[in-house]
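Data file: entry-v5.cif. Format and content: mmCIF, C-alpha atoms.
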```
data_run
#
loop_
_atom_site.label_atom_id
_atom_site.label_comp_id
_atom_site.auth_asym_id
_atom_site.auth_seq_id
_atom_site.Cartn_x
_atom_site.Cartn_y
_atom_site.Cartn_z
CA MET A 7 124.54 75.71 103.71
CA ALA A 8 121.41 73.70 103.01
CA TRP A 9 118.71 72.05 105.09
CA ASN A 10 119.13 68.31 105.75
CA THR A 11 116.26 66.14 106.87
CA PRO A 12 117.23 65.32 110.45
CA MET A 13 118.27 61.75 111.05
CA THR A 14 116.23 59.38 113.17
CA ALA A 15 118.22 58.38 116.22
CA VAL A 16 118.58 54.68 117.04
CA GLU A 17 118.79 53.27 120.56
CA ASN A 18 122.31 52.49 121.83
CA SER A 19 124.07 54.15 118.89
CA LEU A 20 126.49 57.00 119.34
CA LEU A 21 125.80 60.50 117.99
CA THR A 22 128.91 61.09 115.92
CA ALA A 23 130.57 64.43 115.35
CA ALA A 24 129.65 64.26 111.67
CA GLN A 25 126.01 63.64 112.51
CA PHE A 26 125.97 66.55 114.96
CA ASN A 27 127.48 68.86 112.37
CA VAL A 28 125.05 67.90 109.61
CA HIS A 29 121.82 67.43 111.54
CA LEU A 30 122.16 70.04 114.27
CA ARG A 31 124.81 72.61 113.44
CA ASP A 32 124.07 72.94 109.72
CA ASN A 33 120.31 72.90 110.20
CA LEU A 34 120.50 75.49 112.96
CA LEU A 35 122.56 77.66 110.62
CA GLU A 36 119.69 77.51 108.12
CA THR A 37 117.15 78.92 110.54
CA GLU A 38 115.76 82.46 110.57
CA ALA A 39 117.52 83.41 113.81
CA ALA A 40 120.86 82.35 112.34
CA ARG A 41 120.37 84.42 109.19
CA ALA A 42 118.46 87.50 110.39
CA THR A 43 120.48 90.51 109.28
CA ALA A 44 121.09 93.98 110.65
CA PRO A 45 118.49 96.67 109.93
CA VAL A 46 119.05 98.42 106.62
CA GLY A 47 117.77 101.98 106.65
CA ASP A 48 114.04 102.17 106.14
CA THR A 49 113.55 98.57 105.04
CA ALA A 50 111.54 96.11 107.11
CA ARG A 51 112.05 92.39 106.62
CA VAL A 52 109.48 89.59 106.83
CA TRP A 53 110.41 85.91 106.66
CA GLY A 54 108.87 83.75 103.96
CA GLY A 55 109.45 80.75 101.76
CA ASP A 56 112.27 80.75 99.20
CA GLY A 57 111.91 77.34 97.58
CA PRO A 58 112.05 73.83 99.02
CA ASN A 59 113.44 73.73 102.56
CA ARG A 60 114.60 77.33 102.37
CA SER A 61 113.34 80.57 103.91
CA SER A 62 114.62 84.10 103.38
CA GLU A 63 114.14 87.70 104.45
CA HIS A 64 111.58 89.42 102.24
CA PHE A 65 112.01 93.19 102.11
CA VAL A 66 109.21 95.71 102.64
CA LYS A 67 109.81 99.26 101.37
CA ASP A 68 107.87 102.51 101.19
CA ARG A 69 108.71 105.29 98.74
CA ASN A 70 106.88 108.59 98.19
CA VAL A 71 106.88 111.47 95.74
CA ASP A 72 104.54 113.80 97.61
CA SER A 73 105.14 116.90 95.54
CA PRO A 74 104.88 118.64 93.21
CA THR A 75 101.80 117.93 91.15
CA GLU A 76 102.97 116.78 87.74
CA THR A 77 101.18 116.21 84.48
CA THR A 78 101.21 114.13 81.35
CA SER A 79 99.17 114.15 78.16
CA THR A 80 100.50 110.86 76.84
CA ASP A 81 97.93 108.33 75.71
CA GLU A 82 100.44 106.25 73.72
CA GLY A 83 101.49 104.33 76.78
CA TYR A 84 102.58 104.66 80.36
CA THR A 85 105.40 107.06 80.99
CA ASP A 86 107.45 108.76 83.69
CA LEU A 87 106.54 112.21 84.93
CA ALA A 88 109.23 114.88 85.22
CA THR A 89 110.03 113.41 88.62
CA PRO A 90 109.99 109.65 88.02
CA GLY A 91 108.56 107.11 90.36
CA PRO A 92 108.27 106.46 93.17
CA MET A 93 110.02 103.12 92.81
CA CYS A 94 111.20 100.28 95.05
CA SER A 95 114.00 97.81 94.19
CA MET A 96 114.58 94.51 96.01
CA THR A 97 115.33 90.83 95.60
CA THR A 98 112.56 88.34 95.03
CA ALA A 99 112.25 84.78 93.82
CA SER A 100 108.53 84.97 93.22
CA GLY A 101 106.99 88.44 92.98
CA PHE A 102 105.58 91.32 94.92
CA LEU A 103 102.63 92.59 96.89
CA VAL A 104 102.24 96.08 95.40
CA MET A 105 100.34 98.86 97.16
CA MET A 106 100.10 102.26 95.50
CA ASN A 107 98.17 105.45 96.12
CA CYS A 108 97.80 108.62 94.11
CA GLN A 109 95.67 111.73 93.74
CA LEU A 110 94.82 112.07 90.07
CA TRP A 111 92.52 113.99 87.77
CA THR A 112 92.15 115.33 84.23
CA ASN A 113 91.02 118.63 82.76
CA THR A 114 88.54 116.95 80.40
CA VAL A 115 86.10 114.03 80.34
CA ASN A 116 89.04 111.72 79.65
CA ASP A 117 90.51 109.38 82.23
CA ALA A 118 93.81 109.33 84.14
CA PHE A 119 95.70 106.19 85.13
CA ALA A 120 98.60 105.43 87.47
CA SER A 121 100.03 101.94 87.05
CA TYR A 122 103.38 100.25 87.65
CA THR A 123 106.07 98.56 85.61
CA ILE A 124 108.32 95.80 86.94
CA TYR A 125 111.77 95.24 85.47
CA GLU A 126 115.07 93.55 86.15
CA SER A 127 117.49 96.04 87.70
CA ASP A 128 120.19 96.71 90.25
CA ILE A 129 119.31 97.73 93.79
CA ASN A 130 119.16 101.39 92.68
CA GLY A 131 116.54 100.72 90.01
CA VAL A 132 118.95 100.89 87.06
CA ALA A 133 118.08 98.40 84.31
CA PRO A 134 120.88 96.34 82.71
CA ASP A 135 122.65 97.97 79.76
CA SER A 136 122.03 94.96 77.58
CA GLU A 137 121.36 94.76 73.85
CA ALA A 138 120.00 91.30 74.52
CA GLY A 139 117.24 92.88 76.53
CA PHE A 140 116.10 92.20 80.05
CA PHE A 141 112.94 91.12 81.81
CA GLU A 142 110.14 93.64 82.04
CA SER A 143 106.46 93.33 82.88
CA PRO A 144 105.08 96.57 81.41
CA ALA A 145 102.44 98.67 83.11
CA ASN A 146 98.88 98.00 82.07
CA THR A 147 95.46 99.38 82.85
CA SER A 148 94.18 96.31 84.66
CA ARG A 149 96.64 96.99 87.46
CA SER A 150 96.15 100.74 87.62
CA ILE A 151 94.54 103.36 89.77
CA HIS A 152 91.92 104.92 87.51
CA THR A 153 89.91 108.10 87.77
CA ASP A 154 86.97 108.60 85.45
CA GLY A 155 87.04 112.07 83.89
CA ALA A 156 83.32 111.88 83.10
CA TRP A 157 82.01 113.28 86.37
CA PRO A 158 78.27 113.91 86.65
CA ALA A 159 76.81 116.91 84.83
CA GLY A 160 77.44 120.07 86.76
CA ALA A 161 80.53 118.81 88.54
CA ALA A 162 83.84 120.61 88.17
CA ALA A 163 85.93 119.04 85.42
CA ASN A 164 89.09 118.85 87.45
CA ALA A 165 87.64 117.47 90.67
CA SER A 166 89.80 114.70 92.07
CA ASN A 167 90.14 112.16 94.79
CA ARG A 168 93.00 110.21 96.30
CA GLN A 169 92.75 106.48 96.14
CA GLY A 170 94.81 103.32 96.11
CA VAL A 171 94.95 99.71 95.02
CA VAL A 172 96.67 96.61 96.37
CA GLN A 173 97.71 93.88 93.97
CA LEU A 174 99.67 90.64 94.02
CA TRP A 175 102.06 90.07 91.14
CA GLY A 176 103.97 86.79 91.06
CA ASN A 177 105.59 86.22 87.67
CA VAL A 178 109.31 86.64 88.32
CA PRO A 179 111.20 84.41 85.84
CA VAL A 180 114.25 83.87 88.05
CA LYS A 181 115.37 85.00 91.48
CA GLY A 182 117.03 88.38 91.30
CA ILE A 183 116.68 92.11 91.91
CA TYR A 184 113.67 93.79 90.33
CA THR A 185 112.25 97.31 90.47
CA VAL A 186 108.60 98.26 90.82
CA LYS A 187 108.04 101.79 89.46
CA MET A 188 104.86 103.86 89.14
CA VAL A 189 104.12 105.25 85.65
CA TYR A 190 101.24 107.35 84.27
CA LYS A 191 98.99 108.02 81.28
CA VAL A 192 95.71 109.60 80.17
CA SER A 193 93.09 108.12 77.86
CA SER A 194 93.46 110.81 75.20
CA ASN A 195 96.19 113.24 74.25
CA ASP A 196 93.48 115.90 74.30
CA ALA A 197 93.59 115.65 78.07
CA ILE A 198 96.10 116.71 80.66
CA GLY A 199 96.35 114.32 83.55
CA SER A 200 97.59 115.59 86.89
CA PHE A 201 99.11 113.44 89.63
CA ALA A 202 100.05 114.26 93.22
CA GLN A 203 100.89 112.57 96.52
CA ARG A 204 102.28 109.50 94.76
CA ARG A 205 103.00 106.69 97.22
CA LEU A 206 104.24 103.14 96.69
CA GLN A 207 104.73 100.28 99.14
CA VAL A 208 106.18 96.97 97.97
CA MET A 209 106.62 93.67 99.83
CA ALA A 210 108.66 90.91 98.21
CA ILE A 211 106.87 87.57 98.35
CA MET B 26 118.20 84.39 125.26
CA ALA B 27 120.34 85.11 122.21
CA TRP B 28 121.58 83.21 119.18
CA THR B 29 125.07 81.67 119.42
CA THR B 30 126.90 80.21 116.45
CA PRO B 31 126.74 76.46 117.11
CA ILE B 32 129.93 74.55 117.77
CA THR B 33 131.55 72.31 115.17
CA ALA B 34 131.80 68.90 116.75
CA VAL B 35 135.15 67.05 116.62
CA ALA B 36 135.37 63.28 116.54
CA ASN B 37 136.26 61.60 119.82
CA SER B 38 135.79 64.75 121.89
CA THR B 39 133.35 64.93 124.80
CA PHE B 40 130.06 66.67 124.07
CA GLN B 41 129.59 68.80 127.17
CA ALA B 42 126.32 69.81 128.79
CA SER B 43 127.25 73.48 128.40
CA GLN B 44 127.78 72.95 124.68
CA TRP B 45 124.34 71.38 124.38
CA ASN B 46 122.77 74.22 126.33
CA SER B 47 124.31 77.03 124.30
CA SER B 48 124.48 75.45 120.86
CA VAL B 49 121.24 73.48 120.86
CA ARG B 50 118.84 74.41 123.67
CA ASP B 51 119.37 78.17 123.60
CA ASN B 52 119.42 78.33 119.80
CA LEU B 53 116.18 76.38 119.55
CA ALA B 54 114.64 78.78 122.06
CA VAL B 55 115.05 81.77 119.71
CA GLN B 56 113.46 80.12 116.67
CA ALA B 57 110.04 81.04 115.29
CA PRO B 58 108.20 78.05 116.80
CA ALA B 59 109.67 78.84 120.21
CA ILE B 60 108.64 82.51 120.19
CA SER B 61 105.27 82.17 118.45
CA THR B 62 102.24 82.83 120.66
CA THR B 63 99.18 83.58 118.52
CA ASN B 64 97.58 82.49 115.25
CA GLY B 65 97.75 84.86 112.31
CA ARG B 66 101.00 86.63 113.08
CA LEU B 67 104.11 87.26 111.00
CA ILE B 68 107.74 86.46 111.73
CA VAL B 69 110.11 89.35 111.01
CA SER B 70 113.79 90.13 111.44
CA ASN B 71 114.37 92.27 114.49
CA GLY B 72 118.14 92.81 114.33
CA VAL B 73 121.14 90.58 113.73
CA ASN B 74 120.28 86.95 114.61
CA THR B 75 116.96 87.99 116.12
CA VAL B 76 113.43 87.32 114.91
CA ALA B 77 110.16 88.52 116.40
CA GLU B 78 106.44 87.86 116.08
CA ARG B 79 104.32 90.72 114.70
CA GLU B 80 100.59 91.37 114.77
CA ILE B 81 98.10 92.40 112.08
CA ALA B 82 95.25 94.30 113.78
CA GLN B 83 92.02 95.67 112.35
CA SER B 84 89.36 98.04 113.65
CA ILE B 85 86.05 98.77 111.92
CA ASP B 86 83.31 101.29 112.55
CA ASP B 87 80.46 101.33 110.02
CA ALA B 88 78.59 104.30 111.52
CA ASN B 89 78.07 107.45 109.44
CA VAL B 90 79.97 110.32 111.06
CA SER B 91 80.87 113.83 109.96
CA THR B 92 82.90 116.87 110.91
CA SER B 93 83.34 120.47 109.79
CA SER B 94 86.67 120.85 111.58
CA THR B 95 89.49 122.37 109.55
CA THR B 96 92.04 120.64 111.79
CA PHE B 97 92.31 116.87 112.09
CA VAL B 98 89.96 115.37 114.70
CA THR B 99 89.13 111.84 115.81
CA LEU B 100 85.51 110.98 115.13
CA GLY B 101 83.18 108.83 117.21
CA GLY B 102 84.20 105.18 117.17
CA GLY B 103 87.73 105.95 115.95
CA PRO B 104 88.57 103.53 114.57
CA ALA B 105 92.06 102.92 115.96
CA VAL B 106 94.51 100.06 116.43
CA THR B 107 97.38 99.63 118.90
CA ILE B 108 100.22 97.32 117.85
CA THR B 109 103.81 96.62 118.83
CA THR B 110 106.22 97.19 115.94
CA GLY B 111 109.87 97.04 115.03
CA ILE B 112 111.09 99.76 112.67
CA GLY B 113 108.16 99.39 110.30
CA CYS B 114 104.41 99.30 109.93
CA LEU B 115 101.98 99.21 107.03
CA VAL B 116 98.60 100.88 107.57
CA PHE B 117 95.62 100.20 105.30
CA VAL B 118 92.81 102.76 105.37
CA SER B 119 89.43 102.64 103.64
CA SER B 120 86.15 104.50 104.02
CA ASN B 121 83.29 106.12 102.18
CA ILE B 122 83.95 109.84 102.02
CA GLY B 123 81.63 112.57 100.77
CA ILE B 124 81.55 116.36 100.81
CA ALA B 125 78.75 118.64 99.63
CA THR B 126 80.65 121.95 99.52
CA ASN B 127 83.35 123.35 97.29
CA ASN B 128 86.09 122.12 99.63
CA THR B 129 88.22 119.04 100.17
CA GLY B 130 87.74 116.26 102.72
CA LEU B 131 90.71 114.33 104.09
CA TYR B 132 90.71 111.18 106.21
CA GLY B 133 93.91 109.46 107.27
CA PRO B 134 95.94 107.89 110.07
CA SER B 135 97.35 109.82 113.00
CA PHE B 136 100.42 108.01 114.33
CA ASN B 137 100.75 108.26 118.11
CA GLY B 138 98.78 111.50 118.05
CA ASP B 139 100.67 113.29 115.27
CA THR B 140 98.95 115.31 112.53
CA PRO B 141 98.30 113.19 109.44
CA ALA B 142 100.20 114.42 106.39
CA SER B 143 97.89 114.97 103.44
CA GLY B 144 99.64 112.21 101.50
CA ARG B 145 98.55 109.65 104.09
CA CYS B 146 94.87 110.41 103.59
CA ILE B 147 92.09 109.34 101.32
CA MET B 148 90.76 112.55 99.77
CA GLN B 149 87.57 113.74 98.13
CA ASP B 150 87.23 117.03 96.25
CA GLY B 151 83.85 118.69 96.42
CA ASP B 152 82.60 121.32 93.98
CA GLY B 153 79.40 122.41 95.73
CA THR B 154 77.29 120.93 92.95
CA VAL B 155 77.63 117.17 93.04
CA THR B 156 78.19 115.13 96.21
CA ARG B 157 80.14 111.97 95.50
CA ASP B 158 80.23 109.30 98.17
CA ASP B 159 83.04 107.08 96.91
CA ARG B 160 84.60 104.36 99.04
CA LEU B 161 88.34 104.94 98.77
CA GLY B 162 91.43 103.34 100.23
CA VAL B 163 95.14 104.05 100.67
CA THR B 164 98.11 102.23 102.14
CA VAL B 165 100.62 104.12 104.26
CA GLY B 166 104.11 102.89 105.06
CA PHE B 167 105.97 103.92 108.22
CA MET B 168 109.50 102.51 107.97
CA THR B 169 111.59 104.57 110.40
CA LEU B 170 109.76 103.94 113.66
CA THR B 171 111.17 103.67 117.14
CA PRO B 172 110.28 100.06 118.02
CA GLY B 173 107.53 99.70 120.59
CA SER B 174 103.80 100.16 121.06
CA GLN B 175 102.12 102.39 118.45
CA THR B 176 98.55 103.68 118.40
CA ILE B 177 97.16 104.60 114.99
CA THR B 178 93.87 106.50 114.85
CA LEU B 179 91.90 107.68 111.83
CA GLN B 180 91.28 111.42 111.79
CA ALA B 181 89.38 113.77 109.45
CA ARG B 182 89.34 117.40 108.39
CA VAL B 183 87.97 119.67 105.66
CA THR B 184 89.81 122.50 103.96
CA GLY B 185 86.95 124.96 104.39
CA GLY B 186 83.26 124.85 105.16
CA GLY B 187 82.03 121.33 105.62
CA PRO B 188 80.91 118.96 106.60
CA VAL B 189 82.79 115.94 105.31
CA SER B 190 81.11 112.63 106.07
CA MET B 191 82.51 109.13 106.38
CA GLN B 192 81.08 105.66 106.88
CA LYS B 193 82.25 102.05 106.72
CA ARG B 194 85.56 103.13 108.19
CA ARG B 195 88.33 100.57 108.36
CA ILE B 196 91.93 100.60 109.54
CA ILE B 197 94.40 97.72 109.48
CA GLY B 198 97.86 97.93 111.04
CA MET B 199 100.51 95.39 110.01
CA ALA B 200 103.47 95.53 112.37
CA LEU B 201 106.88 94.83 110.79
#
```

If you took the structure in this file and wrote it as structure tokens, what would it be?
Amino acid sequence: MAWNTPMTAVENSLLTAAQFNVHLRDNLLETEAARATAPVGDTARVWGGDGPNRSSEHFVKDRNVDSPTETTSTDEGYTDLATPGPMCSMTTASGFLVMMNCQLWTNTVNDAFASYTIYESDINGVAPDSEAGFFESPANTSRSIHTDGAWPAGAAANASNRQGVVQLWGNVPVKGIYTVKMVYKVSSNDAIGSFAQRRLQVMAI
Amino acid sequence: MAWTTPITAVANSTFQASQWNSSVRDNLAVQAPAISTTNGRLIVSNGVNTVAEREIAQSIDDANVSTSSTTFVTLGGGPAVTITTGIGCLVFVSSNIGIATNNTGLYGPSFNGDTPASGRCIMQDGDGTVTRDDRLGVTVGFMTLTPGSQTITLQARVTGGGPVSMQKRRIIGMAL
């Protein structure tokens, strides 16, 4: 079904069955009330644009890995911890509003980072098994939570805080299911980065 | 009023008043423009063929407050928001937080009077040597709520001897 610009009625002309079906029935069937779906577990749904003359349900999810504290010493690039994620998978035609929080620290003057990667997937976060590759927007430091290991002189080296960032990412190449997953790194492999209370909220836009 | 699948009109049949009322009038009455009341609100799904209007509320208190309580307490000025939700709500928390002792300060949202889980809170480690006064923020998702009115209040505690101090405290509740 698609939206049709409603006709302009003309005095003394009959409203035909075909006109009713196109301009009233079909347009009513395109509305939010006609297409609102049943609740799905712990997923909230906000209505938003989905291209010209089309709206859709946009999912909002929350996923947490609250324990245990896990570590990495990888400075080569962002990586999973022993317990990956958290991650959220959902359909979007545009992108995501990404909100993530984490407690993080290092045992040296080096820095710790928690960022997120976005990749094409199924609804369970599994990427396509494709030799041709698939879409991925890799994690980077500009969209990370960052703790500076160089605390003031006299401070404990492993002092930490819990903080978060909110970012808008809107570079989906084509409408489909994508996964947003938190990944982690440190600024030097001389350091051990520790991460706890990892929380991720994602809203499709 | 509830959504009804509109009739399919048939040529040369009479279009009855009852068909207009159920297929057109009543279906228009459950659309977003018909249920909208206030600027700045969202439209969300609220069950099969049902949409609802949801509020985004904010409360701010800039005053500097502190506590040495080792259990979560509400500080002067809250802040708190009360919103009507469906099954979900996003809560955005931010504040300066500082602690001068070798303990940990926590500041996060209590949902309808419950005890904030540590993972909901902004957190500042102290080491008794350097007092940081960072402004931190977290987002908390509540996605398995019983729909209805919810009051969300920021509360603070320290893990040992305090005090922990906060200022420029902000809470935003987005009902879903």

Query raised in the report: When the PyMOL selection byres ((chain A) within 7 of (chain B)) is applied to the file above, which residues end up in the set, as a PyMOL selection string?
Result: chain A and resi 22-23+26-27+31+38-45+48-53+68+72+105-107+160-162+165-170+203+207

I'd like to see the residues matched by the PyMOL selection byres ((chain B and resi 193) around 9) on this file, and ideally I'd get them as number ranges by chain. B: 85-89, 119-121, 160, 191-192, 194-195

Work out where the centre of an axis-aligned box around every listed atom of stretch 146-155 of chain A lies and how long its edges are once 6 Å is added on each side; give both in Å to one decimal as lines of an AutoDock Vina configuration file.
```
center_x = 92.9
center_y = 104.2
center_z = 85.9
size_x = 23.9
size_y = 27.8
size_z = 19.7
```

### Residue among A:Ala99, A:Met13, A:Leu110, A:Leu30 lying closest to A:Thr153, counting only C-alpha atoms
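Result for the nearest residue to A:Thr153: A:Leu110.
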
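Using only C-alpha atoms for every distance, the candidate list B:Ala125, B:Ile196, B:Pro104, B:Glu80 yields B:Glu80 as the residue closest to B:Ser174.
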
What separates atom CA of A:Asp81 and atom CA of A:Lys191 is a distance of 5.7 Å

Convert the output of the PyMOL selection byres ((chain A and resi 184) around 6) on the shown file into explicit residues, formatted as a PyMOL selection string. chain A and resi 95-96+125-127+183+185

Write the selection just made, keeping C-alpha atoms, as a PDB file, keeping the file's coordinate frame?
```pdb
ATOM      1  CA  SER A  95     114.000  97.810  94.190  1.00  0.00           C
ATOM      2  CA  MET A  96     114.580  94.510  96.010  1.00  0.00           C
ATOM      3  CA  TYR A 125     111.770  95.240  85.470  1.00  0.00           C
ATOM      4  CA  GLU A 126     115.070  93.550  86.150  1.00  0.00           C
ATOM      5  CA  SER A 127     117.490  96.040  87.700  1.00  0.00           C
ATOM      6  CA  ILE A 183     116.680  92.110  91.910  1.00  0.00           C
ATOM      7  CA  THR A 185     112.250  97.310  90.470  1.00  0.00           C
TER       8      THR A 185
END
```

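Nearest to A:Arg69 of all the residues A:Met93, A:Ala88, A:Ile124, A:Met7 is A:Met93, based on all atoms listed in the file.
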
Find the residue from B:Gln41, B:Ser93, B:Ser61, B:Ser47 that sits nearest to B:Met26; use all atoms listed in the file when measuring.
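Checking each candidate against B:Met26, we get B:Ser47 as the closest.
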
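Taking all atoms listed in the file into account, A:Gly182 lies nearest to A:Ser100 out of the set A:Gln25, A:Ser100, A:Ser61, A:Asn18.
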
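Restricting the calculation to all atoms listed in the file, the smallest distance between B:Ser91 and any of B:Trp45, B:Pro172, B:Pro188, B:Ile197 is found for B:Pro188.
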
If you measure from atom CA of A:Val66 to atom CA of A:Ala210, what distance in Å do you get, rounded to one decimal?
->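 These atoms are spaced 6.6 Å apart.
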
Export stretch 88-112 of chain A of the preceding structure, keeping C-alpha atoms, as a PDB file, in the first residue's frame.
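Below you can see decode.pdb, which holds the result:
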```pdb
ATOM      1  CA  ALA A  88      35.503 -11.681  26.733  1.00  0.00           C
ATOM      2  CA  THR A  89      31.798 -10.898  27.022  1.00  0.00           C
ATOM      3  CA  PRO A  90      31.017  -8.993  23.812  1.00  0.00           C
ATOM      4  CA  GLY A  91      28.782  -6.016  23.572  1.00  0.00           C
ATOM      5  CA  PRO A  92      26.318  -4.891  24.603  1.00  0.00           C
ATOM      6  CA  MET A  93      24.730  -4.630  21.171  1.00  0.00           C
ATOM      7  CA  CYS A  94      21.372  -3.666  19.662  1.00  0.00           C
ATOM      8  CA  SER A  95      20.057  -4.845  16.260  1.00  0.00           C
ATOM      9  CA  MET A  96      17.153  -3.226  14.410  1.00  0.00           C
ATOM     10  CA  THR A  97      15.900  -1.979  11.070  1.00  0.00           C
ATOM     11  CA  THR A  98      16.685   1.522   9.898  1.00  0.00           C
ATOM     12  CA  ALA A  99      16.594   3.424   6.634  1.00  0.00           C
ATOM     13  CA  SER A 100      18.730   6.275   7.882  1.00  0.00           C
ATOM     14  CA  GLY A 101      20.778   5.669  11.023  1.00  0.00           C
ATOM     15  CA  PHE A 102      20.733   5.684  14.779  1.00  0.00           C
ATOM     16  CA  LEU A 103      20.755   7.837  17.868  1.00  0.00           C
ATOM     17  CA  VAL A 104      23.376   6.018  19.964  1.00  0.00           C
ATOM     18  CA  MET A 105      23.661   6.466  23.727  1.00  0.00           C
ATOM     19  CA  MET A 106      26.338   4.540  25.610  1.00  0.00           C
ATOM     20  CA  ASN A 107      27.722   4.571  29.125  1.00  0.00           C
ATOM     21  CA  CYS A 108      30.660   2.798  30.700  1.00  0.00           C
ATOM     22  CA  GLN A 109      32.947   2.846  33.721  1.00  0.00           C
ATOM     23  CA  LEU A 110      36.500   2.652  32.447  1.00  0.00           C
ATOM     24  CA  TRP A 111      40.056   3.087  33.635  1.00  0.00           C
ATOM     25  CA  THR A 112      43.647   1.994  33.005  1.00  0.00           C
TER      26      THR A 112
END
```
